[in-house]
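Undergrad: Please see the structure below; I have some questions.
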4 protein chains.
Amino acid sequence: MKAGATRAEVEAVVARIREMGLAAHEIPGATRVAIGITGNKGALEPGPFQMMQGVADAVPVSKPYKLVSREMNEATTVVSFPNGASVGGEELAVFAGPCAVESRDQVLRTAEVVARSGARFLRGGAFKPRTSPYSFQGLKEEGLKILAEARKATGLAVVTEVKDVETLPMVEEHADLLQIGARNMQNFSLLEAVGKAKKPVLLKRGISDTIQEWLLAAEYVMSQGNYKVILCERGIRTYENATRNTLDLNAVPVLRRMTHLPVVVDPSHATGIVWAVRPMARAAVAAGADGLMVEVHPEPEKALSDGPQSLTLPEYEQLIGEVRAIAAIVGKRV
Amino acid sequence: MKAGATRAEVEAVVARIREMGLAAHEIPGATRVAIGITGNKGALEPGPFQMMQGVADAVPVSKPYKLVSREMNEATTVVSFPNGASVGGEELAVFAGPCAVESRDQVLRTAEVVARSGARFLRGGAFKPRTSPYSFQGLKEEGLKILAEARKATGLAVVTEVKDVETLPMVEEHADLLQIGARNMQNFSLLEAVGKAKKPVLLKRGISDTIQEWLLAAEYVMSQGNYKVILCERGIRTYENATRNTLDLNAVPVLRRMTHLPVVVDPSHATGIVWAVRPMARAAVAAGADGLMVEVHPEPEKALSDGPQSLTLPEYEQLIGEVRAIAAIVGKRV
Amino acid sequence: MKAGATRAEVEAVVARIREMGLAAHEIPGATRVAIGITGNKGALEPGPFQMMQGVADAVPVSKPYKLVSREMNEATTVVSFPNGASVGGEELAVFAGPCAVESRDQVLRTAEVVARSGARFLRGGAFKPRTSPYSFQGLKEEGLKILAEARKATGLAVVTEVKDVETLPMVEEHADLLQIGARNMQNFSLLEAVGKAKKPVLLKRGISDTIQEWLLAAEYVMSQGNYKVILCERGIRTYENATRNTLDLNAVPVLRRMTHLPVVVDPSHATGIVWAVRPMARAAVAAGADGLMVEVHPEPEKALSDGPQSLTLPEYEQLIGEVRAIAAIVGKRV
Amino acid sequence: MKAGATRAEVEAVVARIREMGLAAHEIPGATRVAIGITGNKGALEPGPFQMMQGVADAVPVSKPYKLVSREMNEATTVVSFPNGASVGGEELAVFAGPCAVESRDQVLRTAEVVARSGARFLRGGAFKPRTSPYSFQGLKEEGLKILAEARKATGLAVVTEVKDVETLPMVEEHADLLQIGARNMQNFSLLEAVGKAKKPVLLKRGISDTIQEWLLAAEYVMSQGNYKVILCERGIRTYENATRNTLDLNAVPVLRRMTHLPVVVDPSHATGIVWAVRPMARAAVAAGADGLMVEVHPEPEKALSDGPQSLTLPEYEQLIGEVRAIAAIVGKRV
């Protein structure tokens with residue numbers, strides 16, 4: 001739609017699409033609204049739409065992913081949160097906190113430092129999918145309540161993982177941003193469920209998924225009507241074992257070309273080694289990422305999961321200082 | 001337990017384990033029962049168990065996976081079905097049928113040929129997890145009913161994919177064997193749900209999962225009390241693109257060492273090319289697999305999914321002839 | 001050329017090609033000769049060739065690799081050796097022996113068993129490229145002489161690795177088949193040098209090379225005039241670490257389609273574990289390989305390199321028994 | 001050795017090592033000399049060395065690579081060039097130029113812009129190892145002469161690839177820095193040859209080599225007495241095909257820990273896409289790399305190899321501006 005298109009003009013287009021038995025997706029942008037169409041079997045004739053009032057242009061999307069594609073929206077989508085934070089705009093979003101919520105004290109202490117450093121998001125897992133059934137699986141509802149308390153105390157927005165459809169309502173009640181973990185990136189039933197949720201979704205890349213599969217997973221969410229999707233690169237599985245995974249920073253510029261969705265990078269999971277987190281966080285920002293997700297823990301050596309990759313609180317503050325300087329060079333601010 | 005242990009002796013051991021607040025897993029074997037213990041935090045003292053009546057030995061399992069490990073059960077587990085078929089014993093199990101259930105006619109025609117060839121299992125997807133939300137997602141309940149009708153007509157046991165916890169009861173009603181697809185191999189909530197189901201489980205290897213992760217996924221199922229698990233190798237993701245995936249037949253002898261669970265190989269998904277299916281099916285049997293899963297379709301060129309990898313019915317019959325001869329050399333029969 | 005084309009007709013075609021400033025490659029086949037043309041920049045007009053005497057057809061090769069492609073030669077190339085053995089025909093070629101030549105006694109004892117088992121080729125490394133400069137690098141010329149002595153004693157043909165251009169003349173003096181190791185698969189100067197040698201070449205697949213890159217490496221050899229090239233699959237590098245490498249048996253049927261060159265499989269290097277060698281050797285033959293390369297050592301526990309993957313002499317004899325039976329099913333004999 | 005150790009003290013230690021029949025490697029550092037010992041079979045007793053004059057400490061190196069390891073030298077090695085440039089120190093080294101030398105005009109035009117931008121190294125391939133024998137293989141000696149002429153005109157140091165032992169003397173005559181390409185990273189004969197050369201060596205990581213294998217390849221060079229080795233990360237082969245290779249920036253902090261050798265990053269080959277080069281160059285510097293290698297071409301669309309990844313001259317100048325700002329944050333300058 002044109003930049004100045006009226007509400008009535010938008011609704012007329014939506015109505016026309018629905019009359020044709022198709023789904024209309026009204027995707028808000030910085031200056032103008034884009035309307036995606038899905039449900040068509042073959043190509044649609046652009047002519048009739050181009051002639052409608054308020055329509056700037058009607059273009060077929062050439063990629064297998066439609067609503068997520070850059071062709072749908074020239075401007076990067078900005079996802080906003082109740083605490084005033086946003087992801088995808090000028091502000092570099094920082095998501096910091098422990099891998100797993102372990103205790104009230106641990107979370108509140110960490111949240112305080114995170115808030116003071118200028119970050120706007122607290123991360124922490126209440127439901128922890130673990131490779132072994134015998135590993136610590138998270139504090140579950142109790143963990144969610146601790147996170148909500150930390151939000152109240154600090155004003156940070158809370159991001160936490162949704163493990164399955166069954167516990168989604170409980171997570172949605174307490175979280176500001178619903179994280180889909182790497183192992184669930186192609187759990188299509190869960191993607192459809194969060195596609196119907198009201199809260200934004202942070203979609204981590206599967207450990208061995210291509211960028212195209214990742215975008216199609218985001219498409220599952222958007223096709224259900226939830227357009228607030230953030231992508232998170234967290235390392236891929238390769239033959240190299242010197243680090244836990246290989247951080248694929250190439251994905252940052254590639255995604256910029258392919259999609260209008262914002263992109264966040266998690267160097268903690270990608271490297272699995274605390275001394276590699278700072279350099280890779282700097283690199284992610286220099287590559288143009290919209291945000292960083294890092295693990296911090298007041299006492300990493302006592303962490304129940306992923307301790308070796310967690311920054312101490314002073315290390316975290318040092319990281320933020322470096323990242324702030326690099327962000328300025330690429331047009332972002334912390 | 002000793003080969004001749006009585007029911008009362010078994011139950012006494014189980015009761016003792018439960019008194020300690022731990023879970024007891026009674027895993028049936030060809031000649032003797034093994035009792036697995038889970039839920040302990042540290043190592044258990046073997047002495048008290050060794051002194052109980054009917055106990056042959058008490059050994060700690062040295063691997064991160066416990067109930068699935070070969071240390072738990074020297075003999076390969078044999079999973080039996082109501083139609084008399086079994087997987088893991090002398091009989092080479094053949095699972096054949098279309099990738100997706102598309103129509104009653106397609107399934108009944110295929111099932112008839114499959115049954116005549118000596119196979120005992122009909123495969124076919126009613127719920128199809130697809131990379132794109134806009135691809136054909138299966139006939140769902142209607143597909144399950146078609147499969148059930150084909151079972152009635154032919155006596156074949158039916159294996160079909162369970163996509164999520166929500167539709168598990170519906171699938172369990174119609175299927176003899178619950179397939180967990182590659183993308184759900186680390187969907188732990190689904191693994192726990194089929195772990196509580198009554199029907200056996202066929203667990204496909206995730207496209208990029210290590211053998212150890214695969215065994216831990218099977219452990220999730222077994223830890224919930226379902227001990228009838230069959231593993232299915234279906235190709236892994238590598239840098240090589242001449243075939244869809246790289247069939248990892250090394251996994252067959254490796255799994256033989258590591259686990260007592262039976263192993264099936266799916267050369268159709270692993271290669272994605274019809275002319276590679278026959279040689280790789282032969283290779284799988286020669287490597288010592290307990291079964292084969294192959295796609296057959298009366299008219300592959302009309303298939304809604306994965307047509308290029310489906311054998312025609314005559315090609316399938318030729319394959320069975322070759323496989324029968326090789327099976328005899330490695331001590332199996334079709 | 002037609003099956004009955006005369007020598008004069010072949011030479012006339014070759015002369016015509018050379019007049020055009022191009023290279024002519026006369027590639028012998030079972031029933032007819034094929035003449036490859038390289039050196040052209042754009043497409044050539046087939047008409048003038050088709051009209052020449054004795055020409056069956058003139059077809060442009062559609063692949064980036066030309067002389068190695070199946071389009072050049074319908075029949076699989078048979079590479080013959082002075083001791084009467086061959087690779088690519090009905091006989092399943094078995095190359096057996098130690099990883100490295102360590103002593104006269106070791107090689108002669110092994111060669112005797114190998115010869116008795118029906119194998120026709122003795123393998124053994126005299127020049128050993130090793131990841132570390134501080135590892136045993138082989139007995140070099142002394143090793144070559146030991147191999148030559150074993151040939152004299154047993155009638156086995158000798159295959160051994162050529163490490164560089166400098167030592168090629170020395171290796172060519174003693175070996176019947178020049179092995180290019182995985183790490184040298186894209187050492188183009190070495191490929192060109194063996195392309196000018198008189199002895200056949202066994203080209204191992206690079207640990208991370210695609211099938212297309214492998215065929216282009218073979219093309220380097222053939223483009224220099226050596227048409228006796230044998231390909232050897234020896235496992236590829238993937239994320240899976242349960243075995244040393246992942247044996248890519250898919251490559252066997254794929255190569256059958258793409259090239260007329262014979263294909264051999266090395267399960268010893270691909271698995272790196274002795275108990276996985278027998279099942280994978282059986283699988284390779286069932287997949288249709290033209291030969292097997294296996295490591296045997298009279299005392300594997302004392303081997304200076306790769307001991308854990310070497311079969312003992314009795315294990316080797318058991319393997320040959322199994323392989324003989326499977327070979328018969330796929331139309332080969334040992 | 002201690003910081004103030006005299007020449008005589010150093011020589012006494014070297015002599016003692018040689019008396020023991022071992023090799024002594026005198027590796028110069030910023031403030032002190034380290035002496036590496038190789039050739040020993042078992043562990044050496046440190047006591048006798050520790051008591052010698054001028055010796056600070058004698059420590060066994062715990063890694064399979066010795067001379068390259070960080071344990072050998074706390075300070076990063078600085079490799080200096082006749083034109084005053086250096087790699088490994090405060091200056092961020094920029095190596096820029098075309099993939100292949102194609103003409104005098106192309107190289108001289110590019111060199112001029114490169115020199116003006118503040119770079120100190122001109123890159124360009126005269127010998128081009130190519131996957132296909134039918135691709136452009138470089139201008140060879142003529143190319144080397146063009147590079148030498150450009151050096152004379154601009155004062156840039158020249159880095160160019162050495163393809164094989166045969167042409168090494170010719171390359172060494174014209175180049176300031178000998179590049180070993182990715183495909184030759186485990187061409188041990190070539191590594192040994194450049195280990196005996198007088199010029200420094202730039203060792204590119206093999207496309208599928210682990211960091212440990214890479215360090216062992218550098219060890220081959222150093223073990224022959226050439227201690228001026230620079231490592232160059234250029235992307236690894238993974239399953240992801242959205243970019244040509246996956247740039248492994250994790251390697252930068254990992255190498256910092258493991259080795260004292262300087263590390264350069266080549267985002268042009270790693271991504272293969274011109275619009276990804278700038279962000280990834282920025283990221284490499286932010287991760288802490290000692291240098292950047294980038295392809296620039298006055299007319300990329302006319303390049304004979306790798307055109308799509310070459311920056312135009314204006315794009316290159318923009319890149320240098322961004323990189324200069326980031327370098328300052330991590331303590332480097334262009």
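Letters A, B, ... go to the chains of the structure tokens in the order shown; residues in each chain start at 1; ligands are counted from 1 in the same order.
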Once chain A is fitted onto chain D by least squares over all its in-order Cα atoms, send the moved chain as a short mmCIF file (atom, residue, chain, number, x, y, z; two decimals) with C-alpha atoms, in the first residue's frame.
TA:
data_model
loop_
_atom_site.label_atom_id
_atom_site.label_comp_id
_atom_site.auth_asym_id
_atom_site.auth_seq_id
_atom_site.Cartn_x
_atom_site.Cartn_y
_atom_site.Cartn_z
CA MET A 1 65.23 -17.50 27.38
CA LYS A 2 65.20 -14.47 29.66
CA ALA A 3 64.46 -11.09 28.11
CA GLY A 4 68.10 -10.03 28.42
CA ALA A 5 69.71 -13.32 27.41
CA THR A 6 72.93 -12.83 25.46
CA ARG A 7 73.69 -14.27 22.08
CA ALA A 8 76.25 -16.57 23.67
CA GLU A 9 73.70 -17.89 26.15
CA VAL A 10 71.24 -18.64 23.35
CA GLU A 11 73.90 -20.41 21.37
CA ALA A 12 74.97 -22.48 24.33
CA VAL A 13 71.42 -23.80 24.71
CA VAL A 14 71.18 -24.51 21.00
CA ALA A 15 74.50 -26.35 21.11
CA ARG A 16 73.41 -28.45 24.08
CA ILE A 17 70.22 -29.48 22.24
CA ARG A 18 72.18 -30.48 19.13
CA GLU A 19 74.64 -32.50 21.18
CA MET A 20 71.66 -34.55 22.29
CA GLY A 21 70.90 -35.32 18.63
CA LEU A 22 67.80 -33.11 18.63
CA ALA A 23 66.73 -30.12 16.55
CA ALA A 24 66.79 -26.63 18.09
CA HIS A 25 64.39 -23.95 16.79
CA GLU A 26 65.24 -20.38 17.75
CA ILE A 27 61.94 -18.51 17.49
CA PRO A 28 62.28 -14.74 17.80
CA GLY A 29 59.69 -12.85 19.85
CA ALA A 30 58.99 -9.22 20.65
CA THR A 31 61.00 -9.14 23.85
CA ARG A 32 62.65 -12.52 24.17
CA VAL A 33 63.76 -15.57 22.21
CA ALA A 34 62.09 -18.97 22.62
CA ILE A 35 63.95 -22.15 21.73
CA GLY A 36 61.85 -25.08 20.59
CA ILE A 37 63.13 -28.63 20.68
CA THR A 38 61.90 -31.30 18.30
CA GLY A 39 63.10 -34.78 17.39
CA ASN A 40 62.79 -36.27 20.88
CA LYS A 41 60.90 -39.54 21.15
CA GLY A 42 59.78 -39.32 24.76
CA ALA A 43 59.57 -36.50 27.29
CA LEU A 44 62.75 -34.54 28.05
CA GLU A 45 63.98 -33.74 31.54
CA PRO A 46 63.64 -29.94 32.00
CA GLY A 47 66.12 -29.70 34.90
CA PRO A 48 69.42 -29.51 32.97
CA PHE A 49 68.08 -26.75 30.73
CA GLN A 50 66.62 -24.75 33.60
CA MET A 51 70.05 -24.52 35.19
CA MET A 52 71.72 -23.00 32.12
CA GLN A 53 72.59 -19.31 31.96
CA GLY A 54 69.95 -17.03 30.44
CA VAL A 55 67.21 -19.65 30.54
CA ALA A 56 63.92 -18.35 31.99
CA ASP A 57 62.16 -21.70 32.09
CA ALA A 58 61.97 -25.09 30.36
CA VAL A 59 58.45 -26.39 29.80
CA PRO A 60 57.14 -29.43 27.94
CA VAL A 61 54.50 -28.53 25.31
CA SER A 62 51.33 -30.46 26.01
CA LYS A 63 49.84 -30.29 22.52
CA PRO A 64 50.52 -32.45 19.44
CA TYR A 65 51.75 -29.26 17.74
CA LYS A 66 54.84 -27.86 19.40
CA LEU A 67 56.58 -24.95 17.67
CA VAL A 68 53.33 -23.24 16.69
CA SER A 69 51.75 -23.54 20.11
CA ARG A 70 51.02 -20.55 22.33
CA GLU A 71 52.96 -22.32 25.08
CA MET A 72 56.10 -21.73 23.02
CA ASN A 73 55.65 -17.99 22.77
CA GLU A 74 53.40 -15.80 24.89
CA ALA A 75 53.54 -12.88 22.48
CA THR A 76 51.96 -13.09 19.05
CA THR A 77 54.61 -13.46 16.37
CA VAL A 78 55.12 -10.39 14.21
CA VAL A 79 56.12 -11.18 10.62
CA SER A 80 57.88 -8.24 8.97
CA PHE A 81 58.37 -7.37 5.31
CA PRO A 82 60.97 -5.39 3.35
CA ASN A 83 58.49 -2.59 2.63
CA GLY A 84 58.09 -1.95 6.35
CA ALA A 85 54.73 -3.69 6.66
CA SER A 86 54.10 -6.35 9.28
CA VAL A 87 51.49 -8.91 10.27
CA GLY A 88 50.73 -9.73 13.89
CA GLY A 89 51.52 -6.38 15.50
CA GLU A 90 49.44 -3.26 16.01
CA GLU A 91 48.93 -2.66 12.33
CA LEU A 92 45.92 -4.39 10.78
CA ALA A 93 47.36 -6.00 7.64
CA VAL A 94 45.28 -5.59 4.50
CA PHE A 95 45.97 -7.85 1.51
CA ALA A 96 43.97 -6.67 -1.47
CA GLY A 97 43.94 -7.34 -5.17
CA PRO A 98 42.39 -9.51 -7.83
CA CYS A 99 41.75 -13.24 -7.48
CA ALA A 100 43.80 -13.94 -10.60
CA VAL A 101 46.36 -11.81 -12.40
CA GLU A 102 44.81 -11.29 -15.82
CA SER A 103 46.64 -8.33 -17.35
CA ARG A 104 49.25 -5.70 -16.59
CA ASP A 105 46.65 -2.96 -16.74
CA GLN A 106 44.24 -4.71 -14.36
CA VAL A 107 46.95 -5.26 -11.75
CA LEU A 108 48.55 -1.84 -11.96
CA ARG A 109 45.22 -0.01 -11.70
CA THR A 110 44.17 -2.11 -8.74
CA ALA A 111 47.53 -1.82 -7.01
CA GLU A 112 47.43 1.93 -7.18
CA VAL A 113 44.07 2.13 -5.40
CA VAL A 114 45.12 -0.50 -2.89
CA ALA A 115 48.30 1.41 -2.03
CA ARG A 116 46.44 4.70 -1.72
CA SER A 117 43.90 3.17 0.70
CA GLY A 118 46.58 2.38 3.23
CA ALA A 119 46.97 -1.34 2.49
CA ARG A 120 50.51 -2.68 2.39
CA PHE A 121 50.02 -5.94 0.52
CA LEU A 122 48.95 -6.76 -3.02
CA ARG A 123 47.37 -10.17 -3.59
CA GLY A 124 46.95 -11.85 -6.97
CA GLY A 125 47.17 -15.39 -8.30
CA ALA A 126 49.65 -16.20 -11.06
CA PHE A 127 49.30 -19.96 -10.62
CA LYS A 128 45.63 -20.84 -10.12
CA PRO A 129 44.73 -24.37 -8.97
CA ARG A 130 41.31 -24.98 -10.47
CA THR A 131 38.80 -27.77 -9.88
CA SER A 132 38.52 -28.43 -13.61
CA PRO A 133 41.53 -29.05 -15.86
CA TYR A 134 39.76 -26.98 -18.51
CA SER A 135 39.49 -23.76 -16.45
CA PHE A 136 41.92 -20.82 -16.69
CA GLN A 137 45.05 -21.83 -14.77
CA GLY A 138 46.70 -18.42 -14.46
CA LEU A 139 49.32 -16.41 -16.37
CA LYS A 140 52.11 -18.23 -14.50
CA GLU A 141 55.56 -16.61 -14.87
CA GLU A 142 54.15 -13.68 -16.82
CA GLY A 143 51.73 -13.07 -13.93
CA LEU A 144 54.57 -13.11 -11.40
CA LYS A 145 56.40 -10.47 -13.42
CA ILE A 146 53.34 -8.24 -13.52
CA LEU A 147 53.04 -8.51 -9.74
CA ALA A 148 56.71 -7.64 -9.31
CA GLU A 149 56.25 -4.61 -11.55
CA ALA A 150 53.25 -3.50 -9.46
CA ARG A 151 55.37 -3.81 -6.33
CA LYS A 152 58.02 -1.62 -7.87
CA ALA A 153 55.42 0.97 -8.85
CA THR A 154 53.60 1.09 -5.51
CA GLY A 155 55.82 -0.25 -2.73
CA LEU A 156 53.23 -2.92 -1.87
CA ALA A 157 54.50 -6.31 -0.73
CA VAL A 158 53.31 -9.14 -2.97
CA VAL A 159 51.55 -12.31 -1.84
CA THR A 160 50.83 -15.01 -4.40
CA GLU A 161 50.12 -18.72 -4.38
CA VAL A 162 52.75 -21.43 -4.70
CA LYS A 163 51.13 -24.36 -6.43
CA ASP A 164 53.87 -26.95 -6.31
CA VAL A 165 57.47 -27.68 -5.43
CA GLU A 166 58.54 -27.37 -9.08
CA THR A 167 57.51 -23.73 -9.43
CA LEU A 168 58.44 -22.67 -5.89
CA PRO A 169 61.82 -21.17 -6.86
CA MET A 170 60.16 -19.05 -9.52
CA VAL A 171 57.49 -17.80 -7.12
CA GLU A 172 60.01 -17.17 -4.37
CA GLU A 173 62.02 -15.00 -6.75
CA HIS A 174 59.08 -12.61 -7.27
CA ALA A 175 56.91 -12.80 -4.16
CA ASP A 176 57.33 -11.39 -0.65
CA LEU A 177 54.92 -13.85 0.93
CA LEU A 178 54.29 -17.42 -0.27
CA GLN A 179 50.64 -18.41 -0.16
CA ILE A 180 49.73 -22.07 0.33
CA GLY A 181 46.19 -22.53 -0.95
CA ALA A 182 43.41 -24.36 0.84
CA ARG A 183 43.67 -27.44 -1.39
CA ASN A 184 47.37 -27.78 -0.58
CA MET A 185 47.07 -27.36 3.18
CA GLN A 186 47.94 -31.02 3.65
CA ASN A 187 50.37 -31.29 0.72
CA PHE A 188 53.15 -32.16 3.10
CA SER A 189 55.93 -32.19 0.50
CA LEU A 190 55.05 -28.64 -0.44
CA LEU A 191 54.84 -27.61 3.22
CA GLU A 192 58.32 -28.99 3.80
CA ALA A 193 59.61 -27.19 0.73
CA VAL A 194 58.30 -23.78 1.85
CA GLY A 195 59.63 -24.65 5.31
CA LYS A 196 63.07 -24.48 3.75
CA ALA A 197 62.33 -21.26 1.83
CA LYS A 198 63.53 -17.86 3.00
CA LYS A 199 60.27 -16.00 2.46
CA PRO A 200 57.34 -15.98 4.93
CA VAL A 201 54.41 -18.30 4.34
CA LEU A 202 50.66 -17.55 4.38
CA LEU A 203 48.91 -20.85 5.08
CA LYS A 204 45.25 -20.96 4.12
CA ARG A 205 43.01 -23.33 6.03
CA GLY A 206 41.87 -26.37 4.06
CA ILE A 207 38.18 -26.26 3.24
CA SER A 208 37.43 -29.10 5.59
CA ASP A 209 40.39 -29.14 7.94
CA THR A 210 40.11 -28.87 11.68
CA ILE A 211 41.97 -26.18 13.54
CA GLN A 212 44.26 -28.85 14.93
CA GLU A 213 45.12 -30.20 11.47
CA TRP A 214 45.79 -26.63 10.36
CA LEU A 215 48.20 -26.05 13.22
CA LEU A 216 49.96 -29.32 12.43
CA ALA A 217 50.32 -28.16 8.84
CA ALA A 218 51.96 -24.96 10.14
CA GLU A 219 54.13 -27.19 12.30
CA TYR A 220 55.38 -28.94 9.13
CA VAL A 221 56.59 -25.56 7.85
CA MET A 222 58.16 -24.49 11.14
CA SER A 223 59.79 -27.86 11.75
CA GLN A 224 61.89 -27.18 8.65
CA GLY A 225 63.17 -23.90 10.03
CA ASN A 226 60.85 -21.28 8.54
CA TYR A 227 59.23 -19.60 11.54
CA LYS A 228 57.47 -16.82 9.63
CA VAL A 229 54.04 -18.38 9.19
CA ILE A 230 50.71 -16.52 8.93
CA LEU A 231 47.41 -18.40 9.14
CA CYS A 232 44.47 -17.47 6.92
CA GLU A 233 40.85 -18.51 7.63
CA ARG A 234 38.88 -18.62 4.37
CA GLY A 235 35.68 -20.47 5.13
CA ILE A 236 34.88 -24.10 5.70
CA ARG A 237 32.60 -26.53 3.93
CA THR A 238 29.32 -27.17 5.71
CA TYR A 239 25.82 -28.24 4.71
CA GLU A 240 24.75 -24.60 4.22
CA ASN A 241 24.73 -23.48 0.60
CA ALA A 242 23.35 -19.95 0.85
CA THR A 243 26.98 -18.81 0.78
CA ARG A 244 29.90 -20.54 -0.90
CA ASN A 245 31.50 -21.55 2.40
CA THR A 246 30.86 -20.83 6.05
CA LEU A 247 33.32 -18.30 7.46
CA ASP A 248 34.48 -19.77 10.78
CA LEU A 249 35.22 -16.66 12.82
CA ASN A 250 35.18 -18.77 15.99
CA ALA A 251 38.62 -19.81 14.73
CA VAL A 252 40.02 -16.34 15.46
CA PRO A 253 39.69 -16.45 19.27
CA VAL A 254 40.45 -20.18 19.29
CA LEU A 255 43.71 -19.66 17.42
CA ARG A 256 44.63 -16.80 19.75
CA ARG A 257 44.57 -19.33 22.58
CA MET A 258 46.29 -22.13 20.77
CA THR A 259 49.04 -20.47 18.79
CA HIS A 260 51.35 -17.45 18.71
CA LEU A 261 51.06 -17.19 14.93
CA PRO A 262 49.14 -14.25 13.44
CA VAL A 263 45.71 -14.83 11.91
CA VAL A 264 44.27 -13.27 8.77
CA VAL A 265 40.71 -13.66 7.45
CA ASP A 266 39.56 -13.84 3.82
CA PRO A 267 35.84 -12.96 3.62
CA SER A 268 35.83 -12.93 -0.18
CA HIS A 269 36.41 -16.65 -0.66
CA ALA A 270 34.42 -17.52 2.45
CA THR A 271 31.22 -15.92 1.26
CA GLY A 272 31.62 -15.86 -2.52
CA ILE A 273 29.14 -12.96 -2.71
CA VAL A 274 30.24 -9.38 -3.00
CA TRP A 275 27.53 -7.90 -0.77
CA ALA A 276 28.54 -10.18 2.09
CA VAL A 277 32.21 -9.19 2.01
CA ARG A 278 31.94 -5.85 3.80
CA PRO A 279 29.92 -7.07 6.80
CA MET A 280 32.12 -10.11 7.20
CA ALA A 281 35.31 -8.09 6.89
CA ARG A 282 34.05 -5.83 9.68
CA ALA A 283 33.16 -8.90 11.74
CA ALA A 284 36.61 -10.43 11.25
CA VAL A 285 38.33 -7.32 12.55
CA ALA A 286 35.93 -7.09 15.48
CA ALA A 287 36.69 -10.73 16.31
CA GLY A 288 40.35 -9.79 16.63
CA ALA A 289 41.95 -10.82 13.33
CA ASP A 290 45.43 -9.51 12.51
CA GLY A 291 44.56 -8.90 8.92
CA LEU A 292 42.12 -9.10 6.04
CA MET A 293 42.50 -10.55 2.59
CA VAL A 294 39.97 -9.18 0.12
CA GLU A 295 39.49 -9.42 -3.58
CA VAL A 296 39.16 -6.21 -5.55
CA HIS A 297 38.95 -5.88 -9.29
CA PRO A 298 38.55 -2.78 -11.42
CA GLU A 299 35.81 -4.51 -13.44
CA PRO A 300 34.49 -7.53 -11.49
CA GLU A 301 32.01 -8.48 -14.19
CA LYS A 302 34.93 -9.14 -16.56
CA ALA A 303 37.02 -11.20 -14.11
CA LEU A 304 38.25 -14.59 -15.35
CA SER A 305 37.75 -16.18 -11.96
CA ASP A 306 35.65 -15.36 -8.89
CA GLY A 307 34.24 -12.11 -10.28
CA PRO A 308 31.03 -12.22 -8.22
CA GLN A 309 32.98 -11.95 -4.98
CA SER A 310 35.29 -9.09 -6.00
CA LEU A 311 34.72 -5.59 -4.70
CA THR A 312 34.92 -2.69 -7.10
CA LEU A 313 37.55 -0.12 -6.24
CA PRO A 314 35.04 2.32 -4.67
CA GLU A 315 33.44 -0.48 -2.62
CA TYR A 316 36.89 -1.41 -1.42
CA GLU A 317 37.62 2.12 -0.26
CA GLN A 318 34.34 2.21 1.65
CA LEU A 319 35.24 -1.08 3.33
CA ILE A 320 38.61 0.29 4.45
CA GLY A 321 36.90 3.26 6.06
CA GLU A 322 34.61 1.04 8.15
CA VAL A 323 37.36 -1.36 9.07
CA ARG A 324 39.63 1.44 10.22
CA ALA A 325 37.05 2.54 12.77
CA ILE A 326 36.48 -0.95 14.16
CA ALA A 327 40.19 -1.70 14.26
CA ALA A 328 40.68 1.23 16.63
CA ILE A 329 38.22 -0.30 19.10
CA VAL A 330 40.12 -3.59 19.28
CA GLY A 331 43.54 -1.96 19.49
CA LYS A 332 44.64 -2.13 15.86
CA ARG A 333 45.20 0.50 13.19
CA VAL A 334 45.15 0.44 9.37
#
Undergrad: Using backbone DSSP assignments, extract all strand (DSSP E) residues from stretch 82-259 of chain D; output them as a list in words.
TA: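 Secondary structure check on stretch 82-259 of chain D, strand (DSSP E): Ser86, Val87, Ala93, Val94, Phe95, Ala96, Gly97, Phe121, Leu122, Arg123, Ala157, Val158, Val159, Thr160, Glu161, Leu177, Leu178, Gln179, Ile180, Val201, Leu202, Leu203, Lys204, Val229, Ile230, Leu231, Cys232 and Glu233 of chain D.
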